[in-house]
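Engineer: Pasting structure-v5.pdb below, which is PDB, C-alpha atoms.
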ATOM      1  CA  MET A 606     119.916 126.653 119.232
ATOM      2  CA  ASN A 607     120.985 123.753 117.108
ATOM      3  CA  GLY A 608     119.368 122.731 113.862
ATOM      4  CA  ARG A 609     117.974 119.399 115.066
ATOM      5  CA  ARG A 610     115.716 120.897 117.715
ATOM      6  CA  GLN A 611     112.608 122.906 117.030
ATOM      7  CA  PRO A 612     111.700 125.458 119.706
ATOM      8  CA  GLU A 613     108.470 124.578 121.478
ATOM      9  CA  ASP A 614     107.290 128.081 122.361
ATOM     10  CA  ASN A 615     108.209 131.749 122.546
ATOM     11  CA  MET A 616     109.554 131.261 126.066
ATOM     12  CA  GLU A 617     112.149 128.829 124.757
ATOM     13  CA  ILE A 618     113.158 131.187 121.958
ATOM     14  CA  TRP A 619     113.379 134.058 124.447
ATOM     15  CA  ALA A 620     115.559 132.046 126.847
ATOM     16  CA  ASP A 621     117.755 130.852 124.008
ATOM     17  CA  THR A 622     118.163 134.377 122.633
ATOM     18  CA  VAL A 623     118.996 135.841 126.028
ATOM     19  CA  LEU A 624     121.316 133.045 127.186
ATOM     20  CA  ARG A 625     123.237 132.873 123.913
ATOM     21  CA  GLN A 626     124.229 136.500 124.391
ATOM     22  CA  VAL A 627     126.001 135.735 127.641
ATOM     23  CA  PRO A 628     129.677 135.935 126.673
ATOM     24  CA  ALA A 629     132.271 133.267 127.457
ATOM     25  CA  ARG A 630     134.234 133.928 130.620
ATOM     26  CA  ARG A 631     137.996 134.282 130.661
ATOM     27  CA  ALA A 632     139.688 131.554 132.636
ATOM     28  CA  PRO A 633     141.548 132.841 135.690
ATOM     29  CA  ALA A 634     145.257 133.361 135.161
ATOM     30  CA  THR A 635     145.962 130.845 137.909
ATOM     31  CA  LEU A 636     144.418 127.960 135.934
ATOM     32  CA  ALA A 637     147.246 127.511 133.416
ATOM     33  CA  THR A 638     149.850 127.924 136.171
ATOM     34  CA  ARG A 639     148.137 125.296 138.327
ATOM     35  CA  VAL A 640     147.763 122.799 135.475
ATOM     36  CA  LEU A 641     151.346 123.170 134.220
ATOM     37  CA  GLY A 642     152.681 123.020 137.789
ATOM     38  CA  GLU A 643     150.774 119.806 138.455
ATOM     39  CA  ILE A 644     152.032 118.303 135.187
ATOM     40  CA  ARG A 645     155.645 119.111 136.082
ATOM     41  CA  THR A 646     155.143 117.615 139.557
ATOM     42  CA  ARG A 647     153.752 114.440 138.029
ATOM     43  CA  GLN A 648     156.624 114.266 135.559
ATOM     44  CA  VAL A 649     159.225 114.167 138.307
ATOM     45  CA  SER A 650     157.328 111.614 140.361
ATOM     46  CA  PRO A 651     158.447 107.965 140.020
ATOM     47  CA  TRP A 652     157.077 106.064 137.025
ATOM     48  CA  TYR A 653     154.994 103.715 139.161
ATOM     49  CA  ARG A 654     153.049 106.652 140.635
ATOM     50  CA  GLN A 655     152.108 107.950 137.204
ATOM     51  CA  PRO A 656     149.046 106.724 135.254
ATOM     52  CA  TRP A 657     149.621 103.323 133.587
ATOM     53  CA  ARG A 658     148.787 104.756 130.171
ATOM     54  CA  THR A 659     151.753 107.135 130.441
ATOM     55  CA  TRP A 660     154.254 104.315 131.069
ATOM     56  CA  SER A 661     156.644 103.254 128.297
ATOM     57  CA  ILE A 662     155.387 100.613 125.858
ATOM     58  CA  SER A 663     157.836  97.998 127.199
ATOM     59  CA  LEU A 664     156.632  98.531 130.783
ATOM     60  CA  GLN A 665     153.000  98.411 129.696
ATOM     61  CA  ALA A 666     153.634  95.163 127.784
ATOM     62  CA  THR A 667     155.517  93.615 130.716
ATOM     63  CA  THR A 668     152.891  94.473 133.317
ATOM     64  CA  ALA A 669     150.040  93.431 131.025
ATOM     65  CA  GLY A 670     151.832  90.107 130.351
ATOM     66  CA  LEU A 671     152.435  89.526 134.057
ATOM     67  CA  THR A 672     148.790  90.269 134.870
ATOM     68  CA  VAL A 673     147.556  87.839 132.214
ATOM     69  CA  ALA A 674     150.040  85.191 133.414
ATOM     70  CA  LEU A 675     148.851  85.643 137.006
ATOM     71  CA  LEU A 676     145.231  85.286 135.957
ATOM     72  CA  VAL A 677     145.998  82.157 133.923
ATOM     73  CA  LEU A 678     147.902  80.713 136.899
ATOM     74  CA  MET A 679     145.000  81.439 139.247
ATOM     75  CA  VAL A 680     142.469  79.849 136.912
ATOM     76  CA  TRP A 681     144.736  76.825 136.360
ATOM     77  CA  GLY A 682     145.285  76.490 140.121
ATOM     78  CA  TRP A 683     141.589  76.758 140.818
ATOM     79  CA  MET A 684     140.683  74.154 138.227
ATOM     80  CA  SER A 685     143.439  71.670 139.074
ATOM     81  CA  TRP A 686     143.079  71.863 142.871
ATOM     82  CA  ASP A 687     141.770  68.705 144.517
ATOM     83  CA  TRP A 688     138.981  70.240 146.596
ATOM     84  CA  SER A 689     138.044  66.923 148.193
ATOM     85  CA  ARG A 690     141.276  66.959 150.210
ATOM     86  CA  GLY A 691     139.999  69.856 152.267
ATOM     87  CA  VAL A 692     141.696  72.786 153.885
ATOM     88  CA  GLU A 693     143.918  70.874 156.301
ATOM     89  CA  PHE A 694     146.083  69.749 153.416
ATOM     90  CA  THR A 695     146.742  73.362 152.434
ATOM     91  CA  LEU A 696     148.063  74.249 155.848
ATOM     92  CA  GLY A 697     150.435  71.322 155.765
ATOM     93  CA  PHE A 698     152.812  73.491 153.763
ATOM     94  CA  VAL A 699     153.227  75.979 156.603
ATOM     95  CA  PRO A 700     156.737  75.771 158.107
ATOM     96  CA  HIS A 701     157.179  73.631 161.250
ATOM     97  CA  LEU A 702     157.877  76.693 163.370
ATOM     98  CA  PHE A 703     154.184  77.493 163.215
ATOM     99  CA  SER A 704     153.075  73.908 163.019
ATOM    100  CA  SER A 705     150.985  73.869 166.214
ATOM    101  CA  VAL A 706     149.119  77.055 165.260
ATOM    102  CA  ALA A 707     148.801  75.797 161.728
ATOM    103  CA  THR A 708     147.512  72.427 162.880
ATOM    104  CA  THR A 709     144.917  74.041 165.156
ATOM    105  CA  LEU A 710     143.807  76.402 162.424
ATOM    106  CA  GLY A 711     143.804  73.518 160.009
ATOM    107  CA  HIS A 712     141.566  71.460 162.298
ATOM    108  CA  LEU A 713     139.224  74.408 162.784
ATOM    109  CA  LEU A 714     139.007  75.167 159.090
ATOM    110  CA  GLY A 715     138.698  71.478 158.323
ATOM    111  CA  ALA A 716     135.805  71.242 160.766
ATOM    112  CA  LEU A 717     134.199  74.289 159.185
ATOM    113  CA  TRP A 718     134.681  72.718 155.786
ATOM    114  CA  LEU A 719     132.988  69.504 156.951
ATOM    115  CA  VAL A 720     130.105  71.508 158.417
ATOM    116  CA  LEU A 721     129.688  73.359 155.152
ATOM    117  CA  LEU A 722     129.725  70.078 153.257
ATOM    118  CA  HIS A 723     127.016  68.590 155.443
ATOM    119  CA  VAL A 724     124.659  71.518 156.055
ATOM    120  CA  GLY A 725     123.552  71.542 152.441
ATOM    121  CA  GLY A 726     123.862  74.117 149.709
ATOM    122  CA  TRP A 727     120.699  76.058 150.502
ATOM    123  CA  ILE A 728     121.702  76.781 154.100
ATOM    124  CA  PHE A 729     125.123  77.900 152.908
ATOM    125  CA  ILE A 730     123.604  80.151 150.214
ATOM    126  CA  GLY A 731     121.027  81.430 152.720
ATOM    127  CA  SER A 732     123.787  82.331 155.179
ATOM    128  CA  LEU A 733     125.628  84.193 152.456
ATOM    129  CA  ALA A 734     122.403  86.016 151.512
ATOM    130  CA  VAL A 735     121.807  87.038 155.149
ATOM    131  CA  LEU A 736     125.386  88.313 155.406
ATOM    132  CA  ALA A 737     125.044  90.248 152.127
ATOM    133  CA  THR A 738     121.706  91.744 153.225
ATOM    134  CA  ALA A 739     123.185  92.781 156.567
ATOM    135  CA  TRP A 740     126.145  94.357 154.802
ATOM    136  CA  VAL A 741     123.940  96.287 152.358
ATOM    137  CA  ALA A 742     121.610  97.361 155.191
ATOM    138  CA  THR A 743     124.595  98.638 157.178
ATOM    139  CA  LEU A 744     125.822 100.621 154.168
ATOM    140  CA  GLY A 745     122.338 101.997 153.504
ATOM    141  CA  LEU A 746     121.758 103.003 157.113
ATOM    142  CA  GLY A 747     125.219 104.553 157.295
ATOM    143  CA  THR A 748     124.609 106.548 154.115
ATOM    144  CA  THR A 749     121.190 107.723 155.305
ATOM    145  CA  CYS A 750     122.584 108.790 158.691
ATOM    146  CA  TRP A 751     125.475 110.608 157.006
ATOM    147  CA  ARG A 752     123.091 112.438 154.657
ATOM    148  CA  LEU A 753     120.794 113.387 157.504
ATOM    149  CA  ALA A 754     123.732 114.575 159.603
ATOM    150  CA  THR A 755     125.381 116.618 156.844
ATOM    151  CA  GLY A 756     122.203 117.926 155.250
ATOM    152  CA  HIS A 757     122.942 116.253 151.894
ATOM    153  CA  ARG A 758     119.962 114.915 150.003
TER     154      ARG A 758
ATOM    155  CA  MET B1355     155.518 111.497 127.826
ATOM    156  CA  THR B1356     154.222 114.833 126.584
ATOM    157  CA  ASP B1357     156.441 117.854 127.036
ATOM    158  CA  PRO B1358     154.556 120.539 129.047
ATOM    159  CA  ASN B1359     155.858 123.139 126.587
ATOM    160  CA  GLN B1360     153.980 121.381 123.784
ATOM    161  CA  PHE B1361     150.849 121.165 125.929
ATOM    162  CA  GLU B1362     150.805 124.829 126.960
ATOM    163  CA  PRO B1363     149.482 126.291 123.644
ATOM    164  CA  PHE B1364     146.704 123.685 123.653
ATOM    165  CA  LEU B1365     145.823 124.613 127.241
ATOM    166  CA  LEU B1366     145.797 128.338 126.479
ATOM    167  CA  ALA B1367     143.645 127.821 123.383
ATOM    168  CA  TYR B1368     140.901 125.923 125.189
ATOM    169  CA  GLN B1369     141.033 127.161 128.781
ATOM    170  CA  ASP B1370     138.310 129.830 128.366
ATOM    171  CA  MET B1371     135.902 127.367 126.762
ATOM    172  CA  VAL B1372     136.494 124.720 129.428
ATOM    173  CA  PHE B1373     136.257 127.206 132.297
ATOM    174  CA  THR B1374     133.088 128.817 130.890
ATOM    175  CA  THR B1375     131.380 125.437 130.474
ATOM    176  CA  ALA B1376     132.350 124.410 134.006
ATOM    177  CA  LEU B1377     131.279 127.738 135.489
ATOM    178  CA  ARG B1378     127.885 127.642 133.806
ATOM    179  CA  LEU B1379     127.236 124.128 135.081
ATOM    180  CA  LEU B1380     128.617 124.582 138.584
ATOM    181  CA  GLY B1381     127.799 128.253 139.223
ATOM    182  CA  ASN B1382     130.909 128.620 141.362
ATOM    183  CA  GLU B1383     134.269 129.986 140.167
ATOM    184  CA  ALA B1384     136.499 128.063 142.578
ATOM    185  CA  GLU B1385     134.840 124.745 141.807
ATOM    186  CA  ALA B1386     134.883 125.536 138.074
ATOM    187  CA  GLU B1387     138.636 126.154 138.262
ATOM    188  CA  ASP B1388     139.191 122.865 140.125
ATOM    189  CA  VAL B1389     137.179 120.913 137.572
ATOM    190  CA  SER B1390     138.922 122.713 134.679
ATOM    191  CA  GLN B1391     142.273 121.662 136.132
ATOM    192  CA  GLU B1392     141.071 118.070 136.299
ATOM    193  CA  VAL B1393     139.898 118.276 132.661
ATOM    194  CA  PHE B1394     143.288 119.488 131.453
ATOM    195  CA  LEU B1395     145.155 116.859 133.454
ATOM    196  CA  LYS B1396     143.025 114.238 131.720
ATOM    197  CA  ALA B1397     143.709 115.962 128.399
ATOM    198  CA  TRP B1398     147.437 115.847 129.133
ATOM    199  CA  SER B1399     147.381 112.086 129.689
ATOM    200  CA  HIS B1400     145.473 111.670 126.380
ATOM    201  CA  PHE B1401     147.404 114.402 124.590
ATOM    202  CA  PRO B1402     149.130 112.182 121.992
ATOM    203  CA  SER B1403     145.740 111.075 120.678
ATOM    204  CA  ILE B1404     143.783 114.348 120.922
ATOM    205  CA  SER B1405     146.389 116.922 119.912
ATOM    206  CA  GLY B1406     145.773 118.024 116.361
ATOM    207  CA  SER B1407     142.437 116.249 116.251
ATOM    208  CA  PRO B1408     139.564 118.393 114.960
ATOM    209  CA  SER B1409     137.355 116.887 117.664
ATOM    210  CA  ALA B1410     139.625 117.996 120.524
ATOM    211  CA  GLY B1411     137.195 120.792 121.468
ATOM    212  CA  GLY B1412     134.261 118.391 121.539
ATOM    213  CA  TRP B1413     136.277 115.898 123.596
ATOM    214  CA  LEU B1414     137.139 118.620 126.115
ATOM    215  CA  LYS B1415     133.514 119.777 126.325
ATOM    216  CA  THR B1416     132.254 116.237 126.925
ATOM    217  CA  VAL B1417     134.886 115.575 129.595
ATOM    218  CA  THR B1418     134.112 118.920 131.250
ATOM    219  CA  ARG B1419     130.389 118.172 131.282
ATOM    220  CA  ASN B1420     130.886 114.688 132.706
ATOM    221  CA  LEU B1421     133.304 115.850 135.399
ATOM    222  CA  CYS B1422     130.970 118.701 136.386
ATOM    223  CA  LEU B1423     127.999 116.350 136.681
ATOM    224  CA  ASN B1424     130.115 113.888 138.689
ATOM    225  CA  HIS B1425     131.235 116.742 140.911
ATOM    226  CA  LEU B1426     127.665 117.907 141.478
ATOM    227  CA  GLN B1427     126.413 114.413 142.186
ATOM    228  CA  ARG B1428     129.296 113.628 144.526
ATOM    229  CA  HIS B1429     129.436 116.892 146.442
ATOM    230  CA  ARG B1430     125.940 118.259 146.272
ATOM    231  CA  ALA B1431     123.899 115.100 145.655
ATOM    232  CA  ARG B1432     121.098 116.852 143.818
ATOM    233  CA  TRP B1433     119.975 114.008 141.611
ATOM    234  CA  THR B1434     119.658 111.094 143.952
ATOM    235  CA  ALA B1435     116.781 108.684 144.436
ATOM    236  CA  PHE B1436     114.715 111.536 145.848
ATOM    237  CA  SER B1437     115.125 113.872 142.908
ATOM    238  CA  ASP B1438     111.762 113.015 141.398
ATOM    239  CA  LEU B1439     109.927 113.873 144.596
ATOM    240  CA  PRO B1440     108.460 117.370 144.817
ATOM    241  CA  GLY B1441     110.971 119.766 146.333
ATOM    242  CA  PRO B1442     110.307 122.864 148.404
ATOM    243  CA  GLU B1443     108.921 124.430 145.227
ATOM    244  CA  GLY B1444     106.950 121.335 144.349
ATOM    245  CA  ASP B1445     103.761 123.321 143.897
ATOM    246  CA  PRO B1446     101.921 123.398 140.612
ATOM    247  CA  LEU B1447     103.819 125.019 137.761
ATOM    248  CA  PRO B1448     103.539 128.799 137.703
ATOM    249  CA  VAL B1449     101.303 130.241 135.047
ATOM    250  CA  GLU B1450     103.366 131.194 132.050
ATOM    251  CA  ILE B1451     103.067 134.797 130.956
ATOM    252  CA  PRO B1452     103.096 134.699 127.170
ATOM    253  CA  ILE B1453     105.891 136.472 125.383
ATOM    254  CA  ALA B1454     104.995 138.348 122.247
ATOM    255  CA  GLU B1455     106.810 137.581 118.986
ATOM    256  CA  THR B1456     108.267 141.088 118.975
ATOM    257  CA  GLN B1457     109.801 140.651 122.440
ATOM    258  CA  ILE B1458     111.769 137.479 121.938
ATOM    259  CA  LEU B1459     114.607 138.604 119.698
ATOM    260  CA  THR B1460     116.168 141.142 121.996
ATOM    261  CA  MET B1461     119.753 142.352 121.856
ATOM    262  CA  LEU B1462     121.138 142.844 125.340
ATOM    263  CA  SER B1463     123.512 145.564 126.452
ATOM    264  CA  GLU B1464     126.763 144.728 128.231
ATOM    265  CA  GLU B1465     125.172 145.500 131.589
ATOM    266  CA  GLN B1466     122.143 143.355 130.830
ATOM    267  CA  ARG B1467     124.364 140.434 129.837
ATOM    268  CA  ARG B1468     126.104 140.665 133.179
ATOM    269  CA  ILE B1469     122.714 140.595 134.901
ATOM    270  CA  VAL B1470     121.710 137.472 132.956
ATOM    271  CA  GLU B1471     125.052 135.843 133.752
ATOM    272  CA  THR B1472     124.717 136.540 137.473
ATOM    273  CA  ALA B1473     121.082 135.431 137.498
ATOM    274  CA  LEU B1474     122.064 132.171 135.796
ATOM    275  CA  GLU B1475     124.858 131.515 138.317
ATOM    276  CA  ARG B1476     122.463 132.110 141.199
ATOM    277  CA  LEU B1477     119.821 129.677 140.023
ATOM    278  CA  PRO B1478     119.648 126.538 142.158
ATOM    279  CA  ASP B1479     121.586 123.587 140.716
ATOM    280  CA  HIS B1480     118.500 121.599 139.795
ATOM    281  CA  GLN B1481     117.249 124.444 137.595
ATOM    282  CA  ARG B1482     120.546 125.806 136.264
ATOM    283  CA  VAL B1483     122.079 122.502 135.162
ATOM    284  CA  PRO B1484     119.218 121.290 132.911
ATOM    285  CA  LEU B1485     118.859 124.828 131.561
ATOM    286  CA  VAL B1486     122.559 125.010 130.671
ATOM    287  CA  LEU B1487     122.565 121.507 129.189
ATOM    288  CA  TYR B1488     119.553 122.437 127.057
ATOM    289  CA  HIS B1489     120.472 125.926 125.883
ATOM    290  CA  PHE B1490     124.289 125.844 125.841
ATOM    291  CA  GLU B1491     125.155 122.184 125.359
ATOM    292  CA  ASP B1492     122.296 121.512 122.934
ATOM    293  CA  LEU B1493     121.165 118.304 124.618
ATOM    294  CA  ASP B1494     117.530 117.341 124.231
ATOM    295  CA  TYR B1495     115.216 116.449 127.112
ATOM    296  CA  ALA B1496     115.857 112.702 126.879
ATOM    297  CA  ASP B1497     119.654 113.164 126.860
ATOM    298  CA  ILE B1498     119.477 115.471 129.879
ATOM    299  CA  ALA B1499     117.240 113.011 131.719
ATOM    300  CA  GLY B1500     119.769 110.270 130.969
ATOM    301  CA  GLU B1501     122.726 112.396 132.115
ATOM    302  CA  LEU B1502     121.042 113.416 135.355
ATOM    303  CA  GLY B1503     119.303 110.127 136.046
ATOM    304  CA  ILE B1504     115.871 111.742 136.337
ATOM    305  CA  SER B1505     112.630 111.558 134.352
ATOM    306  CA  VAL B1506     111.994 113.573 131.193
ATOM    307  CA  SER B1507     108.993 115.264 132.845
ATOM    308  CA  LYS B1508     111.214 116.378 135.737
ATOM    309  CA  VAL B1509     113.717 117.801 133.235
ATOM    310  CA  LYS B1510     110.956 119.744 131.467
ATOM    311  CA  THR B1511     109.621 121.061 134.770
ATOM    312  CA  ASP B1512     113.079 122.123 135.973
ATOM    313  CA  ILE B1513     113.876 123.867 132.693
ATOM    314  CA  PHE B1514     110.515 125.617 132.749
ATOM    315  CA  ARG B1515     111.076 126.753 136.336
ATOM    316  CA  GLY B1516     114.635 127.821 135.473
ATOM    317  CA  ARG B1517     113.426 130.032 132.639
ATOM    318  CA  GLU B1518     110.697 131.501 134.808
ATOM    319  CA  ALA B1519     113.152 132.155 137.639
ATOM    320  CA  LEU B1520     115.537 133.791 135.191
ATOM    321  CA  ARG B1521     112.740 135.933 133.887
ATOM    322  CA  LYS B1522     111.699 136.953 137.387
ATOM    323  CA  LYS B1523     115.260 137.879 138.309
ATOM    324  CA  LEU B1524     115.450 140.000 135.186
ATOM    325  CA  GLN B1525     112.173 141.750 135.940
ATOM    326  CA  PRO B1526     113.705 144.974 137.334
ATOM    327  CA  THR B1527     115.340 145.446 133.970
ATOM    328  CA  ARG B1528     112.454 144.269 131.840
ATOM    329  CA  ALA B1529     111.646 147.807 130.817
ATOM    330  CA  ASP B1530     115.255 148.249 129.703
ATOM    331  CA  LEU B1531     115.178 144.921 127.905
ATOM    332  CA  GLY B1532     111.944 145.783 126.161
ATOM    333  CA  PHE B1533     109.700 143.027 127.455
TER     334      PHE B1533
END
Is it possible to give me this structure as structure tokens?
Structural biologist:
Amino acid sequence: MNGRRQPEDNMEIWADTVLRQVPARRAPATLATRVLGEIRTRQVSPWYRQPWRTWSISLQATTAGLTVALLVLMVWGWMSWDWSRGVEFTLGFVPHLFSSVATTLGHLLGALWLVLLHVGGWIFIGSLAVLATAWVATLGLGTTCWRLATGHR
Amino acid sequence: MTDPNQFEPFLLAYQDMVFTTALRLLGNEAEAEDVSQEVFLKAWSHFPSISGSPSAGGWLKTVTRNLCLNHLQRHRARWTAFSDLPGPEGDPLPVEIPIAETQILTMLSEEQRRIVETALERLPDHQRVPLVLYHFEDLDYADIAGELGISVSKVKTDIFRGREALRKKLQPTRADLGF
């Protein structure tokens, strides 16, 4: 029993006295073998399959720099994009080989974009809320069914 | 990257402590060995910072405890949203039989220790885990409630029931134990 906790009753002292006499168990001999074997397996696996924190400093710095650069690029792209030009403009960059498919998709997405612009924010947010609720309900029902089926509480 | 030959003495020094902690919390040798392996693989990836640190033992104990609780919650789901509802033994608390002052400081024989150890392993998870966290890991009721995501009153009830169950399982040897 540690010094910061005062026992509440004799039952607690009894349990503490009895349990503290239970000796530590010896780890099975297979534990060290398993751990060292797994470490050696991980050491021979390619660097990109090993945990990031075990990579060399230069690789860590490079990947961290690239990630930050990508994030900055995404934020810059998001902020500088002219949203009023709609989705059709985006698909204009698709190569001509797929131009008919791209044009159709562009028209469809453009139409969807116009609908979204005209239905009003609340309907759009409401639709998103309904979708989110349906998704959560599906997950909840699935989890409940799985727990009932497998006997987990 | 750490050389496994440097890691081996560290592993051998702490493996009994890690395995014992895991076994007491999980009550199952195979699962305790799996979790212990996971603990040491984590220790290996943090080895440059924990090797030689005086708090390495504490770090290992905390990681072991957290991984065991994760394992229990993931695979046995004992402390879910329903954990505060009365279980099959949700009847009123059993009446506590008082223990006399002279009976509480008992030295156990080797055989009796084995009986206690087995009885502890056979307790249901929801009684054994709070009991182990309280008596072996020195957590208080509030900390245990926080770790398990249950109320303090539920922790107290489970610990009380755990002690009573332990006492009942030891009853055949009570005469030997002197209580």
Engineer: If you apply the PyMOL selection byres ((chain A) within 10 of (chain B)) to this file, what residues do you get, as a count of residues only?
Structural biologist: 49
Engineer: To one decimal place in Å, what is the distance between CA of His1480 in chain B and CA of Asp1512 in chain B?
Structural biologist: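 Going from CA of His1480 in chain B over to CA of Asp1512 in chain B, I get 6.7 Å.
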Engineer: Counting only C-alpha atoms, figure out which residue out of B:Arg1482, B:Lys1522, B:Lys1415, B:His1425 gets nearest to Leu1379 in chain B.
Structural biologist: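 Selected residue with least distance to Leu1379 in chain B: B:Arg1482.
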Engineer: Any idea what the distance is between CA of Gly711 in chain A and CA of Ala739 in chain A?
Structural biologist: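 CA of Gly711 in chain A sits 28.4 Å away from CA of Ala739 in chain A.
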Engineer: What's the separation between CA of Trp652 in chain A and CA of Leu664 in chain A, in Å to one decimal place?
Structural biologist: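 CA of Leu664 in chain A lies 9.8 Å from CA of Trp652 in chain A.
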